[in-house]
Amino acid sequence: MLKNQIKAVFFDLDDTLLDFNLCAREAIIDSCKDMGIPFSEKLYENFTRINPALWKMVETGVITRATLHKLRFLSILSETGIDADDQELERLLKVHIKKCAVRLPYAEEILKYLHGKYELYVTSNASQEQQIMRLEKAGLLPYLTDVFTSGRIGVEKPKREFFEGVFKLLPHLSPEQTIIVGDSLRADIVGGKSYGIKTCWLDRFGNDFPGVTPDYTITNLKELENLL
Ligand SMILES: [Mg+2]
């Protein structure tokens, strides 16, 4: 039974415990205010389209995270028809997004339910400082044993080296004693499976990576109570 086998749960953060798009929307509004440029729904829509496309390229090794940060607002601003300093907007987004932490439904409840039964960790592709601040703001940090970001480990999910780095820091755990819960088939499920970690896909946006079969699929976090 899964309950007897599993000792630790790895949660992805954005779009698994926190609503990334709602966080980003707040941060973009604040950044535009700082720069004196008008916020528009078109700007936000272009962000929600272009940002995941660039992250896909990072996760498949086509570009680096540094390149994503260089290209992101250059292309978002140009597609929105706004003439502004894209690197300044990028800088401000990073400042404001640290303060944004909108929890997904059941995020706190499920951590509360699992806390004490399992070791709970976050595994996220982002900067360590940013994710710690957001987890703190969301009130989720007290439930976690530790937080592993690509910023801290030095490589992104789904790379094998990411999980290698995580397990190096958790010598008491073996991959088969762990399960990863995440919204991205590409980053979380492919990454977890290739390292021998059990996988649970939070199906929020549908299949973004055909040909991958997660061990478990849920459509909201509460369903984890049936598994763990
Ligand atoms: Mg995610």
# chains A, B, ... in the order shown; residues from 1 in each chain; ligands from 1
>>> select_by_dssp(residues="region 68-220 of chain A", states="strand (DSSP E)", output="MDAnalysis selection string")
chainID A and resid 119:124 146:149 178:182 198:202 216:218
>>> write_last_selection(atoms="N, CA and C atoms", output="PDB file, in the first residue's frame")
ATOM      1  N   GLU A 119       7.318  13.381   5.798  1.00  0.00           N
ATOM      2  CA  GLU A 119       8.160  14.563   5.643  1.00  0.00           C
ATOM      3  C   GLU A 119       7.649  15.283   4.393  1.00  0.00           C
ATOM      4  N   LEU A 120       7.518  16.589   4.479  1.00  0.00           N
ATOM      5  CA  LEU A 120       6.981  17.352   3.358  1.00  0.00           C
ATOM      6  C   LEU A 120       8.037  18.324   2.843  1.00  0.00           C
ATOM      7  N   TYR A 121       8.241  18.310   1.521  1.00  0.00           N
ATOM      8  CA  TYR A 121       9.239  19.173   0.897  1.00  0.00           C
ATOM      9  C   TYR A 121       8.611  19.888  -0.296  1.00  0.00           C
ATOM     10  N   VAL A 122       9.210  21.025  -0.667  1.00  0.00           N
ATOM     11  CA  VAL A 122       8.846  21.665  -1.928  1.00  0.00           C
ATOM     12  C   VAL A 122      10.003  21.480  -2.897  1.00  0.00           C
ATOM     13  N   THR A 123       9.681  21.107  -4.140  1.00  0.00           N
ATOM     14  CA  THR A 123      10.690  21.024  -5.213  1.00  0.00           C
ATOM     15  C   THR A 123      10.201  21.929  -6.337  1.00  0.00           C
ATOM     16  N   SER A 124      10.920  23.012  -6.595  1.00  0.00           N
ATOM     17  CA  SER A 124      10.399  24.040  -7.498  1.00  0.00           C
ATOM     18  C   SER A 124      11.489  24.627  -8.376  1.00  0.00           C
ATOM     19  N   ASP A 146      11.861  21.103   4.349  1.00  0.00           N
ATOM     20  CA  ASP A 146      12.878  21.852   3.620  1.00  0.00           C
ATOM     21  C   ASP A 146      12.324  22.238   2.245  1.00  0.00           C
ATOM     22  N   VAL A 147      13.021  23.158   1.595  1.00  0.00           N
ATOM     23  CA  VAL A 147      12.605  23.652   0.284  1.00  0.00           C
ATOM     24  C   VAL A 147      13.774  23.507  -0.680  1.00  0.00           C
ATOM     25  N   PHE A 148      13.539  22.817  -1.782  1.00  0.00           N
ATOM     26  CA  PHE A 148      14.584  22.607  -2.792  1.00  0.00           C
ATOM     27  C   PHE A 148      14.175  23.294  -4.092  1.00  0.00           C
ATOM     28  N   THR A 149      14.892  24.347  -4.440  1.00  0.00           N
ATOM     29  CA  THR A 149      14.613  25.039  -5.703  1.00  0.00           C
ATOM     30  C   THR A 149      15.761  24.787  -6.670  1.00  0.00           C
ATOM     31  N   THR A 178       9.461   7.975  -1.796  1.00  0.00           N
ATOM     32  CA  THR A 178       8.975   9.342  -1.994  1.00  0.00           C
ATOM     33  C   THR A 178       7.971   9.407  -3.135  1.00  0.00           C
ATOM     34  N   ILE A 179       7.139  10.440  -3.086  1.00  0.00           N
ATOM     35  CA  ILE A 179       6.190  10.699  -4.177  1.00  0.00           C
ATOM     36  C   ILE A 179       6.254  12.187  -4.497  1.00  0.00           C
ATOM     37  N   ILE A 180       6.192  12.510  -5.792  1.00  0.00           N
ATOM     38  CA  ILE A 180       6.178  13.921  -6.194  1.00  0.00           C
ATOM     39  C   ILE A 180       4.776  14.273  -6.688  1.00  0.00           C
ATOM     40  N   VAL A 181       4.292  15.428  -6.251  1.00  0.00           N
ATOM     41  CA  VAL A 181       2.977  15.916  -6.664  1.00  0.00           C
ATOM     42  C   VAL A 181       3.200  17.204  -7.442  1.00  0.00           C
ATOM     43  N   GLY A 182       2.745  17.262  -8.683  1.00  0.00           N
ATOM     44  CA  GLY A 182       2.963  18.479  -9.464  1.00  0.00           C
ATOM     45  C   GLY A 182       2.017  18.612 -10.634  1.00  0.00           C
ATOM     46  N   LYS A 198       7.736   7.912  -7.047  1.00  0.00           N
ATOM     47  CA  LYS A 198       6.325   7.753  -7.414  1.00  0.00           C
ATOM     48  C   LYS A 198       5.804   9.126  -7.840  1.00  0.00           C
ATOM     49  N   THR A 199       4.831   9.110  -8.761  1.00  0.00           N
ATOM     50  CA  THR A 199       4.391  10.396  -9.308  1.00  0.00           C
ATOM     51  C   THR A 199       2.881  10.564  -9.192  1.00  0.00           C
ATOM     52  N   CYS A 200       2.486  11.778  -8.840  1.00  0.00           N
ATOM     53  CA  CYS A 200       1.064  12.115  -8.772  1.00  0.00           C
ATOM     54  C   CYS A 200       0.857  13.433  -9.509  1.00  0.00           C
ATOM     55  N   TRP A 201       0.130  13.356 -10.605  1.00  0.00           N
ATOM     56  CA  TRP A 201      -0.095  14.534 -11.452  1.00  0.00           C
ATOM     57  C   TRP A 201      -1.352  15.281 -11.000  1.00  0.00           C
ATOM     58  N   LEU A 202      -1.165  16.566 -10.712  1.00  0.00           N
ATOM     59  CA  LEU A 202      -2.309  17.427 -10.438  1.00  0.00           C
ATOM     60  C   LEU A 202      -2.759  17.992 -11.780  1.00  0.00           C
ATOM     61  N   TYR A 216      -0.339   8.233 -10.460  1.00  0.00           N
ATOM     62  CA  TYR A 216      -1.648   8.662  -9.965  1.00  0.00           C
ATOM     63  C   TYR A 216      -1.995  10.006 -10.600  1.00  0.00           C
ATOM     64  N   THR A 217      -3.292  10.259 -10.762  1.00  0.00           N
ATOM     65  CA  THR A 217      -3.740  11.563 -11.263  1.00  0.00           C
ATOM     66  C   THR A 217      -4.848  12.068 -10.348  1.00  0.00           C
ATOM     67  N   ILE A 218      -4.729  13.352  -9.959  1.00  0.00           N
ATOM     68  CA  ILE A 218      -5.784  13.976  -9.160  1.00  0.00           C
ATOM     69  C   ILE A 218      -6.171  15.287  -9.846  1.00  0.00           C
TER      70      ILE A 218
END
>>> select_by_dssp(residues="region 38-156 of chain A", states="helix (DSSP H, G or I)", output="ChimeraX atom specification")
/A:41-59,65-80,86-97,107-114,128-138,141-143,150-153
>>> residues_around(residues="Lys157 (chain A)", least_positions_apart="6", cutoff="10 Å", atoms="only C-alpha atoms", output="list in words")
Asp12, Val58, Glu59, Thr60, Thr123, Ser124, Asn125, Thr149, Ser150, Phe163, Arg186, Ala187, Asp188, Ile189, Val190, Gly191 and Gly192 of chain A
>>> write_last_selection(atoms="all heavy atoms", output="CSV table (one decimal), in the first residue's frame")
chain,number,residue,atom,x,y,z
A,12,ASP,N,5.6,20.3,-5.9
A,12,ASP,CA,5.9,21.4,-6.8
A,12,ASP,C,5.2,22.6,-6.1
A,12,ASP,O,4.3,22.5,-5.3
A,12,ASP,CB,5.3,21.2,-8.2
A,12,ASP,CG,5.4,22.4,-9.1
A,12,ASP,OD1,6.5,23.0,-9.1
A,12,ASP,OD2,4.4,22.8,-9.7
A,58,VAL,N,13.1,26.0,-21.2
A,58,VAL,CA,14.1,25.8,-20.2
A,58,VAL,C,14.1,24.3,-19.8
A,58,VAL,O,15.1,23.7,-19.6
A,58,VAL,CB,13.8,26.7,-19.0
A,58,VAL,CG1,14.8,26.4,-17.8
A,58,VAL,CG2,13.9,28.2,-19.3
A,59,GLU,N,12.9,23.8,-19.6
A,59,GLU,CA,12.8,22.4,-19.1
A,59,GLU,C,13.2,21.4,-20.1
A,59,GLU,O,13.6,20.3,-19.7
A,59,GLU,CB,11.3,22.2,-18.6
A,59,GLU,CG,11.1,22.9,-17.2
A,59,GLU,CD,9.6,23.1,-17.0
A,59,GLU,OE1,8.7,22.6,-17.8
A,59,GLU,OE2,9.3,23.8,-16.0
A,60,THR,N,13.2,21.8,-21.4
A,60,THR,CA,13.6,20.8,-22.4
A,60,THR,C,15.1,21.1,-22.8
A,60,THR,O,15.6,20.5,-23.7
A,60,THR,CB,12.7,20.8,-23.6
A,60,THR,OG1,12.5,22.2,-24.0
A,60,THR,CG2,11.4,20.2,-23.3
A,123,THR,N,9.7,21.1,-4.1
A,123,THR,CA,10.7,21.0,-5.2
A,123,THR,C,10.2,21.9,-6.3
A,123,THR,O,9.2,21.7,-7.0
A,123,THR,CB,10.9,19.6,-5.7
A,123,THR,OG1,9.5,19.0,-6.0
A,123,THR,CG2,11.5,18.7,-4.7
A,124,SER,N,10.9,23.0,-6.6
A,124,SER,CA,10.4,24.0,-7.5
A,124,SER,C,11.5,24.6,-8.4
A,124,SER,O,12.6,24.8,-7.9
A,124,SER,CB,9.8,25.1,-6.6
A,124,SER,OG,9.6,26.3,-7.4
A,125,ASN,N,11.1,24.9,-9.6
A,125,ASN,CA,12.1,25.6,-10.5
A,125,ASN,C,12.0,27.1,-10.4
A,125,ASN,O,11.1,27.8,-11.0
A,125,ASN,CB,11.7,25.2,-12.0
A,125,ASN,CG,12.2,23.9,-12.4
A,125,ASN,OD1,13.0,23.3,-11.7
A,125,ASN,ND2,11.8,23.4,-13.5
A,149,THR,N,14.9,24.3,-4.4
A,149,THR,CA,14.6,25.0,-5.7
A,149,THR,C,15.8,24.8,-6.7
A,149,THR,O,16.9,24.4,-6.3
A,149,THR,CB,14.5,26.6,-5.5
A,149,THR,OG1,15.7,27.0,-4.9
A,149,THR,CG2,13.3,26.9,-4.6
A,150,SER,N,15.5,25.1,-8.0
A,150,SER,CA,16.6,24.9,-8.9
A,150,SER,C,17.7,25.9,-8.6
A,150,SER,O,18.8,25.7,-8.9
A,150,SER,CB,16.0,25.1,-10.4
A,150,SER,OG,15.3,26.3,-10.5
A,163,PHE,N,17.2,16.0,-9.1
A,163,PHE,CA,16.8,15.0,-8.1
A,163,PHE,C,18.0,14.4,-7.4
A,163,PHE,O,17.9,14.1,-6.2
A,163,PHE,CB,15.9,13.9,-8.7
A,163,PHE,CG,14.6,14.5,-9.2
A,163,PHE,CD1,14.4,14.9,-10.5
A,163,PHE,CD2,13.5,14.8,-8.3
A,163,PHE,CE1,13.2,15.4,-11.0
A,163,PHE,CE2,12.4,15.4,-8.7
A,163,PHE,CZ,12.2,15.7,-10.1
A,186,ARG,N,5.8,17.4,-17.7
A,186,ARG,CA,7.1,17.5,-18.2
A,186,ARG,C,8.1,17.6,-17.0
A,186,ARG,O,9.0,16.9,-16.9
A,186,ARG,CB,7.2,18.7,-19.1
A,186,ARG,CG,8.4,18.8,-20.0
A,186,ARG,CD,8.2,19.9,-21.1
A,186,ARG,NE,6.9,20.6,-20.9
A,186,ARG,CZ,6.7,21.7,-20.3
A,186,ARG,NH1,7.8,22.3,-19.7
A,186,ARG,NH2,5.6,22.3,-20.2
A,187,ALA,N,7.9,18.7,-16.2
A,187,ALA,CA,8.9,18.9,-15.1
A,187,ALA,C,8.8,17.9,-14.0
A,187,ALA,O,9.8,17.4,-13.5
A,187,ALA,CB,8.8,20.4,-14.6
A,188,ASP,N,7.6,17.7,-13.5
A,188,ASP,CA,7.4,17.0,-12.3
A,188,ASP,C,7.3,15.5,-12.5
A,188,ASP,O,7.9,14.7,-11.8
A,188,ASP,CB,6.1,17.5,-11.5
A,188,ASP,CG,6.2,19.0,-11.3
A,188,ASP,OD1,7.2,19.4,-10.7
A,188,ASP,OD2,5.2,19.7,-11.6
A,189,ILE,N,6.5,15.1,-13.5
A,189,ILE,CA,6.2,13.7,-13.6
A,189,ILE,C,7.3,12.9,-14.4
A,189,ILE,O,7.8,11.9,-14.0
A,189,ILE,CB,4.8,13.5,-14.3
A,189,ILE,CG1,3.7,14.2,-13.5
A,189,ILE,CG2,4.4,12.0,-14.4
A,189,ILE,CD1,3.6,13.9,-12.0
A,190,VAL,N,7.7,13.5,-15.5
A,190,VAL,CA,8.8,12.9,-16.3
A,190,VAL,C,10.0,12.9,-15.4
A,190,VAL,O,10.8,11.9,-15.3
A,190,VAL,CB,9.1,13.7,-17.6
A,190,VAL,CG1,10.4,13.2,-18.2
A,190,VAL,CG2,8.0,13.5,-18.6
A,191,GLY,N,10.3,14.0,-14.7
A,191,GLY,CA,11.5,14.1,-13.8
A,191,GLY,C,11.4,13.1,-12.7
A,191,GLY,O,12.4,12.4,-12.5
A,192,GLY,N,10.3,13.0,-12.0
A,192,GLY,CA,10.1,12.0,-10.9
A,192,GLY,C,10.3,10.6,-11.4
A,192,GLY,O,11.0,9.8,-10.8
>>> residues_near_ligand(ligand="ligand 1", cutoff="7 Å", atoms="only C-alpha atoms and all ligand atoms", output="list in words")
Asp12, Leu13, Asp14, Asp15, Thr16, Gly182, Asp183 and Ser184 of chain A
>>> atom_distance(atom1="CA of Gly116 (chain A)", atom2="CA of Val166 (chain A)")
20.7 Å
